[in-house]
$ cat run_20.cif   # mmCIF, C-alpha atoms
data_data
#
loop_
_atom_site.label_atom_id
_atom_site.label_comp_id
_atom_site.auth_asym_id
_atom_site.auth_seq_id
_atom_site.Cartn_x
_atom_site.Cartn_y
_atom_site.Cartn_z
CA MET A 1 60.41 104.10 -86.66
CA GLN A 2 61.96 101.13 -84.89
CA MET A 3 60.47 97.67 -85.30
CA ASN A 4 59.39 97.46 -81.65
CA GLN A 5 57.48 100.75 -81.98
CA LEU A 6 55.80 99.48 -85.15
CA VAL A 7 54.71 96.31 -83.36
CA ARG A 8 53.40 98.38 -80.43
CA TRP A 9 51.27 100.43 -82.82
CA LEU A 10 50.04 97.24 -84.46
CA GLY A 11 49.06 96.17 -80.93
CA MET A 12 47.05 99.38 -80.62
CA ILE A 13 45.35 98.50 -83.91
CA CYS A 14 44.45 95.11 -82.37
CA LEU A 15 42.94 96.88 -79.39
CA VAL A 16 40.87 99.25 -81.55
CA ALA A 17 39.86 96.36 -83.82
CA GLY A 18 38.63 94.46 -80.76
CA ILE A 19 36.57 97.44 -79.61
CA ALA A 20 35.05 97.72 -83.09
CA ARG A 21 34.23 94.00 -83.10
CA ILE A 22 32.63 94.29 -79.64
CA GLY A 23 30.52 97.12 -81.07
CA MET A 24 28.76 94.58 -83.29
CA THR A 25 27.00 93.01 -80.29
CA PRO A 26 25.06 96.04 -78.99
CA THR A 27 24.28 97.28 -82.51
CA SER A 28 22.89 93.89 -83.51
CA ILE A 29 20.77 93.79 -80.35
CA ILE A 30 19.45 97.33 -80.91
CA TRP A 31 19.08 97.47 -84.72
CA GLY A 32 19.07 93.79 -85.62
CA THR A 33 21.41 91.27 -87.18
CA ASP A 34 22.98 92.45 -90.44
CA SER A 35 21.83 96.02 -89.85
CA VAL A 36 23.94 98.75 -91.41
CA GLN A 37 25.14 99.74 -87.95
CA GLU A 38 26.30 96.23 -87.06
CA LEU A 39 27.92 95.65 -90.44
CA THR A 40 29.75 98.98 -90.25
CA PHE A 41 31.37 97.95 -86.96
CA GLY A 42 32.14 94.54 -88.48
CA TYR A 43 33.64 96.03 -91.63
CA ILE A 44 35.92 98.35 -89.65
CA ALA A 45 36.91 95.48 -87.34
CA CYS A 46 37.78 93.18 -90.26
CA ILE A 47 40.05 95.77 -91.87
CA LEU A 48 41.80 96.56 -88.59
CA MET A 49 42.13 92.88 -87.63
CA SER A 50 43.66 92.11 -91.03
CA VAL A 51 46.44 94.58 -90.26
CA GLY A 52 46.75 94.27 -86.47
CA SER A 53 46.96 90.48 -86.45
CA ILE A 54 50.54 90.80 -87.66
CA ALA A 55 51.46 91.87 -84.11
CA LEU A 56 49.94 88.68 -82.67
CA PHE A 57 52.65 86.72 -84.45
CA ALA A 58 55.46 89.28 -84.28
CA VAL A 59 55.69 89.35 -80.49
CA GLN A 60 56.07 85.58 -80.22
CA SER A 61 57.55 84.60 -83.57
CA LYS A 62 60.58 82.87 -82.00
CA GLU A 63 58.40 80.81 -79.68
CA THR A 64 55.66 79.88 -82.17
CA GLY A 65 57.71 79.53 -85.37
CA MET A 66 56.08 78.30 -88.57
CA LEU A 67 52.85 77.21 -86.84
CA GLY A 68 52.44 80.74 -85.47
CA PHE A 69 52.99 82.14 -88.93
CA ILE A 70 50.45 79.75 -90.49
CA SER A 71 47.83 80.53 -87.84
CA THR A 72 48.30 84.27 -88.34
CA ILE A 73 48.08 83.96 -92.14
CA GLY A 74 44.83 82.00 -91.68
CA ILE A 75 43.40 84.69 -89.41
CA ILE A 76 44.46 87.50 -91.75
CA LEU A 77 43.15 85.72 -94.86
CA GLY A 78 39.85 85.00 -93.11
CA ASN A 79 39.48 88.65 -92.15
CA ILE A 80 40.31 89.89 -95.66
CA ILE A 81 37.72 87.60 -97.24
CA THR A 82 35.14 88.54 -94.60
CA THR A 83 35.84 92.21 -95.35
CA ALA A 84 34.99 91.60 -99.01
CA LEU A 85 31.83 89.66 -98.11
CA VAL A 86 30.63 92.35 -95.70
CA PHE A 87 31.34 95.03 -98.31
CA THR A 88 28.70 93.52 -100.64
CA ALA A 89 26.06 94.06 -97.93
CA PHE A 90 26.36 97.83 -98.31
CA PHE A 91 25.05 97.75 -101.91
CA PRO A 92 21.35 96.93 -102.36
CA GLY A 93 20.83 94.06 -104.77
CA MET A 94 24.50 93.04 -104.83
CA GLN A 95 24.22 90.77 -101.80
CA GLU A 96 21.26 88.89 -103.29
CA VAL A 97 23.23 88.20 -106.46
CA ALA A 98 26.38 87.24 -104.54
CA THR A 99 24.65 85.02 -101.98
CA ASP A 100 23.96 82.11 -104.31
CA SER A 101 27.18 82.26 -106.31
CA LEU A 102 29.84 79.56 -106.17
CA VAL A 103 32.51 82.20 -105.50
CA THR A 104 30.64 83.41 -102.41
CA MET A 105 30.18 79.89 -101.05
CA ILE A 106 33.87 79.09 -101.52
CA SER A 107 34.85 82.46 -100.02
CA ARG A 108 32.72 81.85 -96.93
CA MET A 109 34.19 78.39 -96.49
CA VAL A 110 37.79 79.65 -96.81
CA SER A 111 37.04 82.57 -94.48
CA MET A 112 35.51 80.31 -91.84
CA LEU A 113 38.35 77.82 -92.09
CA GLY A 114 40.97 80.57 -91.86
CA LEU A 115 39.34 82.33 -88.93
CA THR A 116 38.31 79.34 -86.82
CA GLY A 117 41.22 77.06 -87.72
CA GLY A 118 43.75 79.88 -87.47
CA THR A 119 42.34 81.10 -84.16
CA LEU A 120 42.23 77.62 -82.63
CA LEU A 121 45.82 76.92 -83.68
CA TYR A 122 46.86 80.39 -82.51
CA ALA A 123 45.25 79.85 -79.09
CA ILE A 124 47.02 76.52 -78.60
CA ILE A 125 50.48 77.73 -79.59
CA THR A 126 50.04 81.00 -77.68
CA PHE A 127 49.17 79.05 -74.55
CA ARG A 128 52.30 76.91 -75.01
CA ALA A 129 54.60 79.84 -75.95
CA LYS A 130 53.95 81.65 -72.63
CA VAL A 131 54.73 85.07 -74.13
CA PHE A 132 51.26 86.49 -73.58
CA PRO A 133 49.64 86.03 -70.18
CA ARG A 134 47.69 82.76 -70.19
CA TRP A 135 44.36 84.57 -70.06
CA VAL A 136 44.94 85.94 -73.60
CA ALA A 137 45.10 82.42 -75.02
CA ILE A 138 42.08 81.46 -72.90
CA LEU A 139 40.11 84.40 -74.37
CA HIS A 140 40.82 83.01 -77.85
CA PHE A 141 39.54 79.58 -76.74
CA VAL A 142 36.43 81.22 -75.26
CA MET A 143 35.90 83.02 -78.57
CA ILE A 144 35.84 79.68 -80.42
CA LEU A 145 33.50 78.14 -77.82
CA SER A 146 31.16 81.13 -77.98
CA MET A 147 30.36 80.17 -81.59
CA PHE A 148 28.23 77.38 -80.15
CA LEU A 149 26.10 79.48 -77.79
CA PRO A 150 22.44 78.51 -78.25
CA ILE A 151 21.34 82.08 -78.97
CA ALA A 152 19.48 83.23 -82.08
CA ASP A 153 21.97 84.74 -84.55
CA ASN A 154 24.64 84.36 -81.83
CA LYS A 155 24.85 88.10 -81.23
CA TYR A 156 27.45 87.59 -78.46
CA PHE A 157 30.10 85.88 -80.58
CA ALA A 158 31.41 89.26 -81.78
CA PHE A 159 31.76 90.37 -78.15
CA PHE A 160 34.06 87.46 -77.27
CA TRP A 161 35.97 87.81 -80.54
CA GLY A 162 36.60 91.47 -79.83
CA LEU A 163 37.50 90.81 -76.21
CA ALA A 164 40.29 88.44 -77.31
CA TYR A 165 41.76 91.16 -79.51
CA VAL A 166 41.40 93.83 -76.84
CA GLY A 167 43.28 91.61 -74.38
CA ALA A 168 46.10 90.87 -76.80
CA GLY A 169 46.27 94.50 -77.92
CA VAL A 170 46.52 95.82 -74.37
CA CYS A 171 49.34 93.38 -73.59
CA ILE A 172 51.28 94.37 -76.71
CA TRP A 173 50.72 98.12 -76.26
CA THR A 174 51.68 98.15 -72.58
CA GLY A 175 54.52 95.64 -72.97
CA LYS A 176 52.95 93.15 -70.55
CA LEU A 177 54.51 90.17 -72.26
CA ALA A 178 56.50 87.41 -70.59
CA ASN A 179 60.21 87.26 -71.25
CA ASN A 180 60.95 83.53 -71.29
CA SER A 181 64.69 83.93 -70.95
CA SER A 182 64.47 85.89 -67.70
CA SER A 183 61.10 84.58 -66.46
CA SER A 184 59.82 88.10 -65.87
CA THR A 185 56.16 88.95 -66.32
CA SER A 186 56.60 92.04 -68.45
CA LEU A 187 58.97 93.64 -70.87
CA PRO A 188 61.39 96.37 -69.87
CA ALA A 189 60.05 99.89 -69.52
CA ASP A 190 61.08 100.81 -73.06
CA HIS A 191 58.54 98.24 -74.31
CA SER A 192 61.10 96.49 -76.49
CA ILE A 193 59.60 93.50 -78.19
CA ARG A 194 61.51 90.46 -79.32
CA MET A 195 61.47 90.00 -83.08
#

$ encode --input "run_20.cif" --output "structure tokens"
Amino acid sequence: MQMNQLVRWLGMICLVAGIARIGMTPTSIIWGTDSVQELTFGYIACILMSVGSIALFAVQSKETGMLGFISTIGIILGNIITTALVFTAFFPGMQEVATDSLVTMISRMVSMLGLTGGTLLYAIITFRAKVFPRWVAILHFVMILSMFLPIADNKYFAFFWGLAYVGAGVCIWTGKLANNSSSSTSLPADHSIRM
């Protein structure tokens, strides 16, 4: 498998991860926050985002450089830690024990820093890199801003988080990425991606 095909498939993983993350919003509205249904969507999304986020950097690695790499590592690390934290919720009694532990508090802090800091940095450098359409970077900014919606349990944050991944995933999968050297709005028909 060629590298550009691998990155395309990672883009598809981003798209599916975004759909899974969006699924958290209706399940939390119907069954409640931290319901098994909502956490199942969140768990699947975290695993897929941990893998698919590699494509977010790969398609614009030349334009974003080390800052792009750092932002992507932050996002991936945040998703991996969140996956572990969500996993404890599936075992009765385990979450109560883990909630008050120092390890859990540090894990949540690192996860939040990785996800929010990494996403904010990613949105800024993606906007400047001009590889993705501008609206993809804007969706990542909207995701960060949606954290501050004055809604109980902020059930809509997952929707905006997922939407950002769906947008990026669609662009990667379809090859709708800007080619800075030729100023075109999409990649050639063979979907080759710069590495």

$ atom_distance --input "run_20.cif" --atom1 "CA of Pro150 (chain A)" --atom2 "CA of Ile75 (chain A)"
24.5 Å

$ closest_atom_pairs --input "run_20.cif" --of "region 82-128 of chain A" --to "region 30-53 of chain A" --cutoff "9 Å" --atoms "only C-alpha atoms" --output "CSV"
residue,atom,partner,partner_atom,distance
A:Thr82,CA,A:Cys46,CA,6.9
A:Thr83,CA,A:Cys46,CA,5.5
A:Ala84,CA,A:Tyr43,CA,8.7
A:Val86,CA,A:Tyr43,CA,6.3
A:Phe87,CA,A:Tyr43,CA,7.1
A:Ala89,CA,A:Leu39,CA,7.9
A:Phe90,CA,A:Val36,CA,7.4

$ resolve_selection --input "run_20.cif" --expression "the PyMOL selection byres ((chain A and resi 8) around 10)" --output "PyMOL selection string"
chain A and resi 3-7+9-14+52+55+59+169-175+191-193

$ residues_around --input "run_20.cif" --residues "Gly117 (chain A)" --least-positions-apart "2" --cutoff "12 Å" --atoms "only C-alpha atoms" --output "ChimeraX atom specification"
/A:67,70-78,109-115,119-124,140-141,144

$ atom_distance --input "run_20.cif" --atom1 "CA of Thr25 (chain A)" --atom2 "CA of Tyr165 (chain A)"
14.9 Å

$ resolve_selection --input "run_20.cif" --expression "the PyMOL selection byres ((chain A and resi 125-127) around 9)" --output "JSON, numbers by chain"
{"A": [60, 63, 64, 67, 68, 120, 121, 122, 123, 124, 128, 129, 130, 131, 132, 133, 134, 135, 136, 137, 138]}

$ closest_residue --input "run_20.cif" --among "A:Gly118, A:Gly162, A:Gly65, A:Gly93" --to "Ala20 (chain A)" --atoms "all atoms listed in the file"
A:Gly162

$ axis_aligned_box --input "run_20.cif" --around "region 76-87 of chain A" --padding-each-side "8 Å" --output "AutoDock Vina command-line options"
--center_x 37.5 --center_y 90.0 --center_z -95.4 --size_x 29.8 --size_y 26.0 --size_z 23.3

$ resolve_selection --input "run_20.cif" --expression "the PyMOL selection byres ((chain A and resi 152-154) around 12)" --output "list in words"
Met24, Thr25, Ser28, Ile29, Gly32, Thr33, Asp34, Met143, Leu145, Ser146, Met147, Phe148, Leu149, Pro150, Ile151, Lys155, Tyr156, Phe157, Ala158, Phe159, Phe160 and Trp161 of chain A

$ atom_distance --input "run_20.cif" --atom1 "CA of Arg21 (chain A)" --atom2 "CA of Thr104 (chain A)"
22.3 Å

$ closest_residue --input "run_20.cif" --among "A:Leu102, A:Ser107, A:Ala58, A:Phe69" --to "Leu85 (chain A)" --atoms "all atoms listed in the file"
A:Ser107

$ closest_residue --input "run_20.cif" --among "A:Ala168, A:Ala178, A:Ile22, A:Asp100" --to "Ile54 (chain A)" --atoms "all atoms listed in the file"
A:Ala168
